[in-house]
Each structure stands twice: as C-alpha cells, then as structure tokens.
file my_file.cif (mmCIF, C-alpha atoms)
data_final
loop_
_atom_site.label_atom_id
_atom_site.label_comp_id
_atom_site.auth_asym_id
_atom_site.auth_seq_id
_atom_site.Cartn_x
_atom_site.Cartn_y
_atom_site.Cartn_z
CA MET T 197 80.07 77.50 94.64
CA THR T 198 81.66 79.24 97.60
CA CYS T 199 84.80 81.24 96.85
CA PRO T 200 87.60 79.67 98.92
CA LEU T 201 89.18 83.08 99.57
CA CYS T 202 85.90 84.37 101.03
CA LEU T 203 86.36 81.79 103.81
CA THR T 204 88.88 81.80 106.64
CA SER T 205 92.31 80.93 105.26
CA PRO T 206 93.58 77.37 105.75
CA HIS T 207 97.10 78.88 105.66
CA PRO T 208 98.96 80.42 108.60
CA ILE T 209 98.10 84.12 108.77
CA LEU T 210 101.25 86.23 109.17
CA TRP T 211 99.46 89.58 109.39
CA GLN T 212 95.96 90.91 108.85
CA ASP T 213 93.73 93.91 109.21
CA ASN T 214 90.11 94.50 108.16
CA PHE T 215 91.16 94.98 104.51
CA CYS T 216 93.50 92.08 103.77
CA ARG T 217 95.54 89.22 105.20
CA VAL T 218 99.04 87.95 104.49
CA VAL T 219 99.33 84.17 104.52
CA LEU T 220 102.22 81.75 104.19
CA LEU T 221 101.57 79.15 101.50
CA ASN T 222 103.81 76.48 103.07
CA ASP T 223 105.19 75.62 99.64
CA THR T 224 108.26 73.47 100.36
CA ASP T 225 109.85 74.50 97.04
CA TYR T 226 109.40 78.16 98.07
CA PRO T 227 109.29 78.19 101.88
CA ALA T 228 108.74 81.94 102.30
CA TYR T 229 106.16 82.21 99.51
CA CYS T 230 103.42 84.55 100.76
CA ARG T 231 100.06 85.60 99.44
CA VAL T 232 98.22 88.85 100.12
CA GLU T 233 94.47 88.21 100.03
CA LEU T 234 91.81 90.92 100.16
CA VAL T 235 88.96 90.31 102.59
CA GLU T 236 86.36 91.60 100.14
CA HIS T 237 85.49 89.54 97.06
CA VAL T 238 86.97 91.85 94.43
CA ILE T 239 87.99 90.43 91.05
CA GLU T 240 90.32 92.95 89.41
CA MET T 241 92.57 95.71 90.75
CA THR T 242 90.64 98.24 88.64
CA ASP T 243 87.45 97.22 90.46
CA LEU T 244 88.99 98.98 93.49
CA ASN T 245 89.09 102.75 93.95
CA HIS T 246 92.45 104.53 93.85
CA ASP T 247 93.02 104.48 97.60
CA ASP T 248 92.30 100.76 97.91
CA ARG T 249 94.59 99.99 94.96
CA VAL T 250 97.38 101.87 96.73
CA ARG T 251 96.56 100.18 100.04
CA THR T 252 96.68 96.72 98.42
CA MET T 253 100.02 97.39 96.79
CA MET T 254 101.48 98.91 99.97
CA ILE T 255 100.87 95.59 101.72
CA VAL T 256 102.29 93.63 98.77
CA PHE T 257 105.41 95.80 98.92
CA ALA T 258 105.56 95.48 102.72
CA VAL T 259 105.69 91.70 102.27
CA GLU T 260 108.31 92.07 99.52
CA ALA T 261 110.45 94.29 101.76
CA ALA T 262 110.15 91.89 104.70
CA ILE T 263 111.06 88.86 102.58
CA ARG T 264 114.07 90.67 101.11
CA GLU T 265 115.32 91.57 104.58
CA VAL T 266 114.80 88.13 106.05
CA ILE T 267 116.00 85.74 103.33
CA GLN T 268 117.73 87.92 100.70
CA PRO T 269 116.33 86.23 97.59
CA ASP T 270 117.98 86.72 94.19
CA LYS T 271 114.71 88.08 92.80
CA ILE T 272 111.18 88.84 93.91
CA ASN T 273 108.29 87.71 91.71
CA LEU T 274 104.93 89.46 92.10
CA ALA T 275 101.75 88.31 90.40
CA SER T 276 98.00 88.66 90.50
CA LEU T 277 96.40 86.09 88.19
CA GLY T 278 93.17 84.74 89.71
CA ASN T 279 92.20 82.61 86.71
CA LYS T 280 91.15 79.76 88.99
CA THR T 281 90.15 81.85 92.02
CA PRO T 282 88.99 85.27 90.86
CA HIS T 283 89.15 86.89 94.30
CA MET T 284 91.94 89.46 94.45
CA HIS T 285 95.16 87.99 95.81
CA TRP T 286 98.81 88.71 95.15
CA HIS T 287 101.59 86.15 95.04
CA VAL T 288 104.88 87.33 96.55
CA ILE T 289 107.48 84.74 95.65
CA PRO T 290 111.14 84.87 96.69
CA ARG T 291 113.24 83.33 93.94
CA PHE T 292 116.76 81.95 94.05
CA GLU T 293 118.98 81.18 91.09
CA GLN T 294 119.15 77.56 92.22
CA ASP T 295 115.42 77.07 92.87
CA LYS T 296 113.33 74.51 90.99
CA HIS T 297 112.20 76.77 88.12
CA PHE T 298 114.67 79.67 87.92
CA PRO T 299 114.85 81.63 85.64
CA ASN T 300 111.41 80.43 84.55
CA SER T 301 108.22 81.48 86.24
CA HIS T 302 107.47 79.11 89.12
CA TRP T 303 104.32 78.29 87.10
CA GLY T 304 106.55 77.29 84.19
CA GLU T 305 108.85 74.39 83.48
CA ALA T 306 110.98 73.01 86.31
CA VAL T 307 114.65 73.03 85.30
CA ARG T 308 116.18 71.24 88.32
CA THR T 309 115.11 69.40 91.44
CA GLY T 310 115.75 72.37 93.70
CA GLU T 311 115.88 72.22 97.45
CA SER T 312 112.76 71.37 99.39
CA SER T 313 112.31 72.57 102.96
CA ASN T 314 109.97 74.11 105.47
CA ILE T 315 110.56 77.62 106.70
CA PRO T 316 112.60 77.52 109.94
CA GLU T 317 110.62 78.71 112.98
CA ILE T 318 113.05 81.56 113.68
CA THR T 319 112.80 82.77 110.08
CA LEU T 320 109.02 82.68 110.27
CA THR T 321 109.01 84.70 113.49
CA ASN T 322 111.37 87.21 111.94
CA LEU T 323 109.28 87.41 108.76
CA LYS T 324 106.06 88.00 110.70
CA GLU T 325 107.66 90.74 112.76
CA LYS T 326 109.06 92.48 109.68
CA ILE T 327 105.81 92.22 107.70
CA HIS T 328 104.01 93.77 110.65
CA ARG T 329 106.54 96.57 110.89
CA HIS T 330 106.53 97.36 107.16
CA ALA T 331 102.74 97.15 106.93
CA ILE T 332 102.17 99.48 109.88
CA TYR T 333 104.80 101.88 108.57
CA ALA T 334 103.22 101.86 105.09
CA LEU T 335 99.71 102.42 106.43
CA HIS T 336 100.45 104.89 109.21
CA GLY T 337 103.84 106.36 108.35
CA HIS T 338 106.64 107.52 110.59
CA GLY T 339 106.42 107.26 114.33
CA ASN T 340 103.98 104.34 114.50
CA MET A 736 126.09 92.58 78.96
CA THR A 737 123.72 95.41 78.07
CA CYS A 738 120.28 95.22 79.63
CA PRO A 739 117.80 94.97 76.73
CA LEU A 740 115.25 97.11 78.58
CA CYS A 741 117.80 99.92 78.96
CA LEU A 742 117.75 100.21 75.16
CA THR A 743 115.00 101.56 72.93
CA SER A 744 112.16 99.05 72.79
CA PRO A 745 111.90 96.84 69.70
CA HIS A 746 108.15 96.69 70.41
CA PRO A 747 105.56 99.26 69.32
CA ILE A 748 105.29 101.93 72.02
CA LEU A 749 101.66 102.65 72.89
CA TRP A 750 102.38 105.39 75.42
CA GLN A 751 105.39 106.83 77.20
CA ASP A 752 106.61 109.59 79.44
CA ASN A 753 110.02 110.22 81.03
CA PHE A 754 109.34 107.55 83.69
CA CYS A 755 108.04 104.53 81.78
CA ARG A 756 106.74 103.23 78.50
CA VAL A 757 103.86 100.92 77.57
CA VAL A 758 104.66 98.51 74.75
CA LEU A 759 102.65 95.94 72.83
CA LEU A 760 104.35 92.56 72.82
CA ASN A 761 102.78 91.39 69.54
CA ASP A 762 102.16 87.96 71.04
CA THR A 763 99.77 86.28 68.60
CA ASP A 764 98.38 84.05 71.37
CA TYR A 765 97.64 87.20 73.42
CA PRO A 766 97.25 90.02 70.88
CA ALA A 767 96.63 92.83 73.40
CA TYR A 768 99.38 91.69 75.81
CA CYS A 769 101.14 94.84 77.03
CA ARG A 770 104.21 95.49 79.11
CA VAL A 771 104.95 98.53 81.27
CA GLU A 772 108.71 99.14 81.34
CA LEU A 773 110.44 101.67 83.58
CA VAL A 774 113.01 103.88 81.86
CA GLU A 775 115.44 103.63 84.78
CA HIS A 776 117.24 100.35 85.45
CA VAL A 777 115.50 99.43 88.72
CA ILE A 778 115.37 95.81 89.81
CA GLU A 779 112.66 95.50 92.46
CA MET A 780 109.57 97.55 93.28
CA THR A 781 110.94 98.12 96.79
CA ASP A 782 114.03 99.74 95.23
CA LEU A 783 111.69 102.60 94.30
CA ASN A 784 110.46 105.25 96.72
CA HIS A 785 106.76 105.32 97.66
CA ASP A 786 105.76 107.88 95.03
CA ASP A 787 107.46 105.99 92.21
CA ARG A 788 105.88 102.71 93.32
CA VAL A 789 102.47 104.38 93.16
CA ARG A 790 103.32 105.98 89.81
CA THR A 791 104.39 102.61 88.35
CA MET A 792 101.23 100.88 89.50
CA MET A 793 99.00 103.73 88.30
CA ILE A 794 100.29 103.13 84.79
CA VAL A 795 99.89 99.35 85.14
CA PHE A 796 96.29 99.91 86.22
CA ALA A 797 95.75 102.45 83.42
CA VAL A 798 96.76 99.74 80.95
CA GLU A 799 94.52 97.21 82.72
CA ALA A 800 91.56 99.63 82.57
CA ALA A 801 92.16 100.35 78.89
CA ILE A 802 92.43 96.66 77.97
CA ARG A 803 89.24 95.87 79.89
CA GLU A 804 87.34 98.61 78.06
CA VAL A 805 88.64 97.70 74.62
CA ILE A 806 88.53 93.87 74.55
CA GLN A 807 86.60 92.82 77.70
CA PRO A 808 88.81 89.88 78.72
CA ASP A 809 87.54 87.24 81.15
CA LYS A 810 90.44 88.01 83.50
CA ILE A 811 93.43 90.29 83.77
CA ASN A 812 96.79 88.81 84.79
CA LEU A 813 99.43 91.13 86.24
CA ALA A 814 102.98 90.09 86.95
CA SER A 815 106.44 91.44 87.61
CA LEU A 816 108.99 88.62 87.50
CA GLY A 817 112.24 89.81 85.90
CA ASN A 818 114.15 86.57 86.48
CA LYS A 819 115.67 86.76 83.01
CA THR A 820 115.63 90.55 82.63
CA PRO A 821 115.93 92.18 86.05
CA HIS A 822 114.87 95.64 84.89
CA MET A 823 111.46 96.55 86.33
CA HIS A 824 108.65 95.72 83.93
CA TRP A 825 105.05 94.65 84.43
CA HIS A 826 103.17 92.18 82.27
CA VAL A 827 99.51 93.08 81.69
CA ILE A 828 97.89 90.07 80.06
CA PRO A 829 94.25 89.88 79.01
CA ARG A 830 93.05 86.30 79.46
CA PHE A 831 90.08 84.53 77.92
CA GLU A 832 88.57 81.25 79.06
CA GLN A 833 89.30 79.78 75.65
CA ASP A 834 92.89 81.00 75.33
CA LYS A 835 95.84 78.65 74.98
CA HIS A 836 96.64 78.27 78.71
CA PHE A 837 93.50 79.22 80.64
CA PRO A 838 93.07 78.73 83.59
CA ASN A 839 96.82 78.16 83.89
CA SER A 840 99.33 80.96 83.92
CA HIS A 841 100.33 81.81 80.36
CA TRP A 842 103.83 80.72 81.51
CA GLY A 843 102.37 77.34 82.45
CA GLU A 844 101.11 74.37 80.52
CA ALA A 845 99.10 74.96 77.33
CA VAL A 846 95.75 73.20 77.54
CA ARG A 847 94.41 73.85 74.03
CA THR A 848 95.56 75.29 70.73
CA GLY A 849 93.83 78.62 71.30
CA GLU A 850 93.26 81.21 68.65
CA SER A 851 96.22 82.99 67.13
CA SER A 852 95.84 86.47 65.67
CA ASN A 853 97.31 89.92 65.42
CA ILE A 854 95.57 92.84 67.07
CA PRO A 855 93.28 94.57 64.54
CA GLU A 856 94.42 98.08 63.65
CA ILE A 857 91.22 99.68 64.92
CA THR A 858 91.56 97.87 68.27
CA LEU A 859 95.15 99.03 68.56
CA THR A 860 94.19 102.64 67.87
CA ASN A 861 91.41 102.40 70.44
CA LEU A 862 93.75 100.79 72.99
CA LYS A 863 96.39 103.50 72.53
CA GLU A 864 93.83 106.24 72.94
CA LYS A 865 92.40 104.68 76.10
CA ILE A 866 95.81 103.99 77.68
CA HIS A 867 96.70 107.62 77.05
CA ARG A 868 93.45 108.83 78.61
CA HIS A 869 93.71 106.60 81.68
CA ALA A 870 97.41 107.37 82.18
CA ILE A 871 96.91 111.14 81.98
CA TYR A 872 93.91 110.93 84.28
CA ALA A 873 95.84 108.81 86.79
CA LEU A 874 98.84 111.14 86.75
CA HIS A 875 97.09 114.49 86.60
CA GLY A 876 93.54 113.82 87.79
CA HIS A 877 90.29 115.42 86.76
CA GLY A 878 90.14 118.07 84.09
CA ASN A 879 93.21 116.98 82.12
#

call {"tool": "encode", "arguments": {"input": "my_file.cif", "output": "structure tokens"}}
result
Amino acid sequence: MTCPLCLTSPHPILWQDNFCRVVLLNDTDYPAYCRVELVEHVIEMTDLNHDDRVRTMMIVFAVEAAIREVIQPDKINLASLGNKTPHMHWHVIPRFEQDKHFPNSHWGEAVRTGESSNIPEITLTNLKEKIHRHAIYALHGHGN
Amino acid sequence: MTCPLCLTSPHPILWQDNFCRVVLLNDTDYPAYCRVELVEHVIEMTDLNHDDRVRTMMIVFAVEAAIREVIQPDKINLASLGNKTPHMHWHVIPRFEQDKHFPNSHWGEAVRTGESSNIPEITLTNLKEKIHRHAIYALHGHGN
C-alpha cells in the first residue's frame, strides 16, 4: 500500500523545501490548522539524527509562531501521532476557548457546535508570508 | 488559582534537572506513559528561546528513545496541548496496535477494552536508567 504522505500533498502547500512541507488542512472547524510533513518516509522522531530532529521542530515552531501572529489563538496544540499514517508529520492546531472541542483535544469529545468557516484569503496570504519568514529565519538566521 | 504543574508533581519522577522533570503518569491503559514538564511556567513552545526549545525537545526525544528501547511500542505519540493546564508539558505515549484506542488518539474514541496493567518494577527501573542515560547524552554529548 502506498503511503499517502509519500505522494504529492492534496492540500494547499504553504511552504516547502527539500526536507519538509507545510500544508493547510482546510478543516472548517479549525481553519488555520496546518501540518508539517517530512518528505522522507520516517516513522519516529528518534529515527532522525539530532540535526534533522532540530530542523523538523524549527519548522513546527515557525508555523506555530506564524499562526500566533496571524490569528492569536488562545492555545497552540502540537502533536505527532501517526497511528494511521506512520510517516512523520506534525499537527499544529490553533485552539480557541469557543471552538468545537475546547478544552478537550480536537480528537476528543466535541463540547459545542463551534464556528465553521474557511480561512479568509487575506489571512491565508498573511500566514504563508509569515511561515516563510519564520522558516527562513530559523534555518538561516539573522540577515536572511 | 495555582497552576498544578508549578507545584511538586504528585507523579513518580523518573528524571529531573533544574529545567524540567520526567514523570510517569501511572495510566493503567498506558503503563509507560510519561510526561515531560518544564519547571518554569511557560505556556507555548514559542515563548521559549531557541536553546530552550531544543533542550525541551531533546528531553522529549530522550524519553521517546528510552521507551522504545524498553517496551518496543508499535508507535510513539507525542503531544503538547495544555488546553486545561497551560504550563508547558509534553505527553510521550507508547502505543500498541491492541491498546484501548489504537489507531485513534488516546484522547479519542476507545475501540476495544485493551489491557490494563501497572508497569512492572523491573521495567520501571530499566526505563528510569535509560531516560537518565539518553538525557545526559543529549545534554552533554559523548563521554558523559
């Protein structure tokens, strides 16, 4: 069976390099919900060497920083599970106190209807720009 | 209201330094389920500077490596949510294909009864020793 994350993403790609890509999940309950997916089929973080672990997390944190700047969520949730798709990917989920599952995990019980919407185009443009900026800064440091 | 993670942990501490502690949650559905808790009351990973982000994740990965060596789970789940307790902590959850929720998140729907047990004393001793070894190696490198 082909690993779906070894294929081109069906999701809009917000940023990518030869190591990983950041995609938007288009989850209407969580419009700015992003996923960081490694290009290589790696199963666990400890299958990576130290530098690649740091590189992965720098991109996860770049996405977190961008999301915080753009939509100011009440909390960020980060998770790498991979029980169904064991190809390293990180969920970066902006949470709001009035969202469908808060304070539960968004994989847990829904506690209200929540608001359902798509990400506005201007927010998406802003998010992409900020992910790019944080990612480049993380990877190449000051002055780039 | 006092933050419960700002207090001494009610859970057995498997390893600690002045930056964080690793505790065993004593979850009988997930006997080797550990949590890495920062000492300082920090809410998000991007509230930390680069070095402290790396330090946090090195300990998370040290716990992951130790758990993999000691009980060989089918998958490792990592998560930092903090919706209920916004004091930085990481869940490190060994998952097995026959556990209560697999392949769902352990915060999601249970799909079978699963096996319930405490961690055997010898496994706990082994886990502590290996977390210590991986943590010291991660923080201080070769020769320590």

call {"tool": "residues_around", "arguments": {"input": "my_file.cif", "residues": "range 287-292 of chain T", "least_positions_apart": "6", "cutoff": "9 Å", "atoms": "all atoms listed in the file", "output": "list of chain:residue names"}}
result
T:Tyr226, T:Pro227, T:Ala228, T:Tyr229, T:Cys230, T:Arg231, T:Val232, T:Glu233, T:Val256, T:Phe257, T:Val259, T:Glu260, T:Ile263, T:Arg264, T:Ile267, T:Gln268, T:Pro269, T:Asp270, T:Lys271, T:Ile272, T:Asn273, T:Leu274, T:Ala275, T:Ser276, T:Leu277, T:Phe298, T:Pro299, T:His302, A:Asn818

call {"tool": "closest_residue", "arguments": {"input": "my_file.cif", "among": "T:Asn222, T:Asp243, T:Lys280, T:Asp295", "to": "Ala800 in chain A", "atoms": "all atoms listed in the file"}}
result
T:Asp243

call {"tool": "atom_distance", "arguments": {"input": "my_file.cif", "atom1": "CA of Cys741 in chain A", "atom2": "CA of Asp762 in chain A"}}
result
21.2 Å

call {"tool": "residues_around", "arguments": {"input": "my_file.cif", "residues": "Leu320 in chain T", "least_positions_apart": "2", "cutoff": "12 Å", "atoms": "all atoms listed in the file", "output": "ChimeraX atom specification"}}
result
/T:208-211,219-220,222,227-230,262-263,266-267,314-318,322-327

call {"tool": "resolve_selection", "arguments": {"input": "my_file.cif", "expression": "the PyMOL selection byres ((chain T and resi 198) around 12)", "output": "list in words"}}
result
Met197, Cys199, Pro200, Leu201, Cys202, Leu203, Thr204, His237, Thr281, Pro282 and His283 of chain T

call {"tool": "write_last_selection", "arguments": {"input": "my_file.cif", "atoms": "C-alpha atoms", "output": "PDB file, in the coordinates of the input"}}
result
ATOM      1  CA  MET T 197      80.070  77.500  94.640  1.00  0.00           C
ATOM      2  CA  CYS T 199      84.800  81.240  96.850  1.00  0.00           C
ATOM      3  CA  PRO T 200      87.600  79.670  98.920  1.00  0.00           C
ATOM      4  CA  LEU T 201      89.180  83.080  99.570  1.00  0.00           C
ATOM      5  CA  CYS T 202      85.900  84.370 101.030  1.00  0.00           C
ATOM      6  CA  LEU T 203      86.360  81.790 103.810  1.00  0.00           C
ATOM      7  CA  THR T 204      88.880  81.800 106.640  1.00  0.00           C
ATOM      8  CA  HIS T 237      85.490  89.540  97.060  1.00  0.00           C
ATOM      9  CA  THR T 281      90.150  81.850  92.020  1.00  0.00           C
ATOM     10  CA  PRO T 282      88.990  85.270  90.860  1.00  0.00           C
ATOM     11  CA  HIS T 283      89.150  86.890  94.300  1.00  0.00           C
TER      12      HIS T 283
END

call {"tool": "closest_residue", "arguments": {"input": "my_file.cif", "among": "A:Ala873, A:Val774, A:Cys755, A:Val846", "to": "chain T", "atoms": "only C-alpha atoms"}}
result
A:Ala873

call {"tool": "closest_residue", "arguments": {"input": "my_file.cif", "among": "T:Arg217, T:Lys296, T:His207, T:His246", "to": "chain A", "atoms": "all atoms listed in the file"}}
result
T:His246

call {"tool": "atom_distance", "arguments": {"input": "my_file.cif", "atom1": "CA of Leu773 in chain A", "atom2": "CA of His867 in chain A"}}
result
16.3 Å

call {"tool": "closest_residue", "arguments": {"input": "my_file.cif", "among": "T:Thr321, T:Asn245, T:Ser313, T:Asn214", "to": "chain A", "atoms": "only C-alpha atoms"}}
result
T:Asn245

call {"tool": "axis_aligned_box", "arguments": {"input": "my_file.cif", "around": "range 764-775 of chain A", "padding_each_side": "4 Å", "output": "lines of an AutoDock Vina configuration file"}}
result
center_x = 106.0
center_y = 94.0
center_z = 77.8
size_x = 26.8
size_y = 27.8
size_z = 21.9

call {"tool": "resolve_selection", "arguments": {"input": "my_file.cif", "expression": "the PyMOL selection byres ((chain A and resi 848) around 10)", "output": "PDB file with C-alpha atoms, in the coordinates of the input"}}
result
ATOM      1  CA  ASP A 764      98.380  84.050  71.370  1.00  0.00           C
ATOM      2  CA  GLN A 833      89.300  79.780  75.650  1.00  0.00           C
ATOM      3  CA  ASP A 834      92.890  81.000  75.330  1.00  0.00           C
ATOM      4  CA  LYS A 835      95.840  78.650  74.980  1.00  0.00           C
ATOM      5  CA  HIS A 836      96.640  78.270  78.710  1.00  0.00           C
ATOM      6  CA  ALA A 845      99.100  74.960  77.330  1.00  0.00           C
ATOM      7  CA  VAL A 846      95.750  73.200  77.540  1.00  0.00           C
ATOM      8  CA  ARG A 847      94.410  73.850  74.030  1.00  0.00           C
ATOM      9  CA  GLY A 849      93.830  78.620  71.300  1.00  0.00           C
ATOM     10  CA  GLU A 850      93.260  81.210  68.650  1.00  0.00           C
ATOM     11  CA  SER A 851      96.220  82.990  67.130  1.00  0.00           C
TER      12      SER A 851
END

call {"tool": "build_atoms", "arguments": {"input": "my_file.cif", "residues": "range 239-274 of chain T", "atoms": "N, CA and C atoms", "output": "PDB file, in the coordinates of the input"}}
result
ATOM      1  N   ILE T 239      87.396  91.273  92.109  1.00  0.00           N
ATOM      2  CA  ILE T 239      87.990  90.430  91.050  1.00  0.00           C
ATOM      3  C   ILE T 239      89.250  91.058  90.459  1.00  0.00           C
ATOM      4  N   GLU T 240      89.172  92.322  90.073  1.00  0.00           N
ATOM      5  CA  GLU T 240      90.320  92.950  89.410  1.00  0.00           C
ATOM      6  C   GLU T 240      90.794  94.161  90.217  1.00  0.00           C
ATOM      7  N   MET T 241      92.050  94.525  90.062  1.00  0.00           N
ATOM      8  CA  MET T 241      92.570  95.710  90.750  1.00  0.00           C
ATOM      9  C   MET T 241      91.784  96.956  90.354  1.00  0.00           C
ATOM     10  N   THR T 242      91.386  97.042  89.074  1.00  0.00           N
ATOM     11  CA  THR T 242      90.640  98.240  88.640  1.00  0.00           C
ATOM     12  C   THR T 242      89.168  98.190  89.045  1.00  0.00           C
ATOM     13  N   ASP T 243      88.767  97.175  89.797  1.00  0.00           N
ATOM     14  CA  ASP T 243      87.450  97.220  90.460  1.00  0.00           C
ATOM     15  C   ASP T 243      87.548  97.997  91.776  1.00  0.00           C
ATOM     16  N   LEU T 244      88.764  98.217  92.249  1.00  0.00           N
ATOM     17  CA  LEU T 244      88.990  98.980  93.490  1.00  0.00           C
ATOM     18  C   LEU T 244      89.120 100.466  93.167  1.00  0.00           C
ATOM     19  N   ASN T 245      88.811 101.324  94.138  1.00  0.00           N
ATOM     20  CA  ASN T 245      89.090 102.750  93.950  1.00  0.00           C
ATOM     21  C   ASN T 245      90.589 102.999  94.137  1.00  0.00           C
ATOM     22  N   HIS T 246      91.021 104.215  93.817  1.00  0.00           N
ATOM     23  CA  HIS T 246      92.450 104.530  93.850  1.00  0.00           C
ATOM     24  C   HIS T 246      93.079 104.215  95.206  1.00  0.00           C
ATOM     25  N   ASP T 247      92.428 104.660  96.271  1.00  0.00           N
ATOM     26  CA  ASP T 247      93.020 104.480  97.600  1.00  0.00           C
ATOM     27  C   ASP T 247      93.184 103.005  97.953  1.00  0.00           C
ATOM     28  N   ASP T 248      92.210 102.189  97.587  1.00  0.00           N
ATOM     29  CA  ASP T 248      92.300 100.760  97.910  1.00  0.00           C
ATOM     30  C   ASP T 248      93.312 100.034  97.019  1.00  0.00           C
ATOM     31  N   ARG T 249      93.509 100.544  95.801  1.00  0.00           N
ATOM     32  CA  ARG T 249      94.590  99.990  94.960  1.00  0.00           C
ATOM     33  C   ARG T 249      95.941 100.253  95.634  1.00  0.00           C
ATOM     34  N   VAL T 250      96.114 101.503  96.076  1.00  0.00           N
ATOM     35  CA  VAL T 250      97.380 101.870  96.730  1.00  0.00           C
ATOM     36  C   VAL T 250      97.560 101.061  98.006  1.00  0.00           C
ATOM     37  N   ARG T 251      96.491 100.930  98.783  1.00  0.00           N
ATOM     38  CA  ARG T 251      96.560 100.180 100.040  1.00  0.00           C
ATOM     39  C   ARG T 251      96.956  98.719  99.789  1.00  0.00           C
ATOM     40  N   THR T 252      96.335  98.113  98.772  1.00  0.00           N
ATOM     41  CA  THR T 252      96.680  96.720  98.420  1.00  0.00           C
ATOM     42  C   THR T 252      98.160  96.607  98.102  1.00  0.00           C
ATOM     43  N   MET T 253      98.629  97.491  97.230  1.00  0.00           N
ATOM     44  CA  MET T 253     100.020  97.390  96.790  1.00  0.00           C
ATOM     45  C   MET T 253     100.994  97.717  97.928  1.00  0.00           C
ATOM     46  N   MET T 254     100.597  98.606  98.833  1.00  0.00           N
ATOM     47  CA  MET T 254     101.480  98.910  99.970  1.00  0.00           C
ATOM     48  C   MET T 254     101.709  97.648 100.802  1.00  0.00           C
ATOM     49  N   ILE T 255     100.693  96.825 100.943  1.00  0.00           N
ATOM     50  CA  ILE T 255     100.870  95.590 101.720  1.00  0.00           C
ATOM     51  C   ILE T 255     101.705  94.581 100.919  1.00  0.00           C
ATOM     52  N   VAL T 256     101.455  94.506  99.618  1.00  0.00           N
ATOM     53  CA  VAL T 256     102.290  93.630  98.770  1.00  0.00           C
ATOM     54  C   VAL T 256     103.757  94.038  98.895  1.00  0.00           C
ATOM     55  N   PHE T 257     104.017  95.334  98.837  1.00  0.00           N
ATOM     56  CA  PHE T 257     105.410  95.800  98.920  1.00  0.00           C
ATOM     57  C   PHE T 257     105.972  95.651 100.335  1.00  0.00           C
ATOM     58  N   ALA T 258     105.110  95.731 101.340  1.00  0.00           N
ATOM     59  CA  ALA T 258     105.560  95.480 102.720  1.00  0.00           C
ATOM     60  C   ALA T 258     106.034  94.027 102.845  1.00  0.00           C
ATOM     61  N   VAL T 259     105.303  93.116 102.231  1.00  0.00           N
ATOM     62  CA  VAL T 259     105.690  91.700 102.270  1.00  0.00           C
ATOM     63  C   VAL T 259     106.990  91.506 101.482  1.00  0.00           C
ATOM     64  N   GLU T 260     107.073  92.143 100.304  1.00  0.00           N
ATOM     65  CA  GLU T 260     108.310  92.070  99.520  1.00  0.00           C
ATOM     66  C   GLU T 260     109.503  92.566 100.338  1.00  0.00           C
ATOM     67  N   ALA T 261     109.354  93.713 100.977  1.00  0.00           N
ATOM     68  CA  ALA T 261     110.450  94.290 101.760  1.00  0.00           C
ATOM     69  C   ALA T 261     110.857  93.359 102.900  1.00  0.00           C
ATOM     70  N   ALA T 262     109.867  92.799 103.577  1.00  0.00           N
ATOM     71  CA  ALA T 262     110.150  91.890 104.700  1.00  0.00           C
ATOM     72  C   ALA T 262     110.887  90.643 104.210  1.00  0.00           C
ATOM     73  N   ILE T 263     110.417  90.061 103.119  1.00  0.00           N
ATOM     74  CA  ILE T 263     111.060  88.860 102.580  1.00  0.00           C
ATOM     75  C   ILE T 263     112.499  89.162 102.166  1.00  0.00           C
ATOM     76  N   ARG T 264     112.696  90.309 101.522  1.00  0.00           N
ATOM     77  CA  ARG T 264     114.070  90.670 101.110  1.00  0.00           C
ATOM     78  C   ARG T 264     114.980  90.792 102.320  1.00  0.00           C
ATOM     79  N   GLU T 265     114.498  91.406 103.383  1.00  0.00           N
ATOM     80  CA  GLU T 265     115.320  91.570 104.580  1.00  0.00           C
ATOM     81  C   GLU T 265     115.640  90.233 105.239  1.00  0.00           C
ATOM     82  N   VAL T 266     114.653  89.352 105.261  1.00  0.00           N
ATOM     83  CA  VAL T 266     114.800  88.130 106.050  1.00  0.00           C
ATOM     84  C   VAL T 266     115.579  87.044 105.314  1.00  0.00           C
ATOM     85  N   ILE T 267     115.312  86.859 104.013  1.00  0.00           N
ATOM     86  CA  ILE T 267     116.000  85.740 103.330  1.00  0.00           C
ATOM     87  C   ILE T 267     116.822  86.154 102.108  1.00  0.00           C
ATOM     88  N   GLN T 268     116.896  87.430 101.813  1.00  0.00           N
ATOM     89  CA  GLN T 268     117.730  87.920 100.700  1.00  0.00           C
ATOM     90  C   GLN T 268     117.631  87.067  99.424  1.00  0.00           C
ATOM     91  N   PRO T 269     116.448  87.015  98.825  1.00  0.00           N
ATOM     92  CA  PRO T 269     116.330  86.230  97.590  1.00  0.00           C
ATOM     93  C   PRO T 269     117.069  86.909  96.431  1.00  0.00           C
ATOM     94  N   ASP T 270     117.335  86.132  95.371  1.00  0.00           N
ATOM     95  CA  ASP T 270     117.980  86.720  94.190  1.00  0.00           C
ATOM     96  C   ASP T 270     117.008  87.612  93.414  1.00  0.00           C
ATOM     97  N   LYS T 271     115.720  87.283  93.526  1.00  0.00           N
ATOM     98  CA  LYS T 271     114.710  88.080  92.800  1.00  0.00           C
ATOM     99  C   LYS T 271     113.377  87.901  93.507  1.00  0.00           C
ATOM    100  N   ILE T 272     112.564  88.940  93.432  1.00  0.00           N
ATOM    101  CA  ILE T 272     111.180  88.840  93.910  1.00  0.00           C
ATOM    102  C   ILE T 272     110.263  88.712  92.690  1.00  0.00           C
ATOM    103  N   ASN T 273     109.328  87.800  92.741  1.00  0.00           N
ATOM    104  CA  ASN T 273     108.290  87.710  91.710  1.00  0.00           C
ATOM    105  C   ASN T 273     106.954  88.122  92.323  1.00  0.00           C
ATOM    106  N   LEU T 274     106.255  89.011  91.654  1.00  0.00           N
ATOM    107  CA  LEU T 274     104.930  89.460  92.100  1.00  0.00           C
ATOM    108  C   LEU T 274     103.912  89.112  91.015  1.00  0.00           C
TER     109      LEU T 274
END
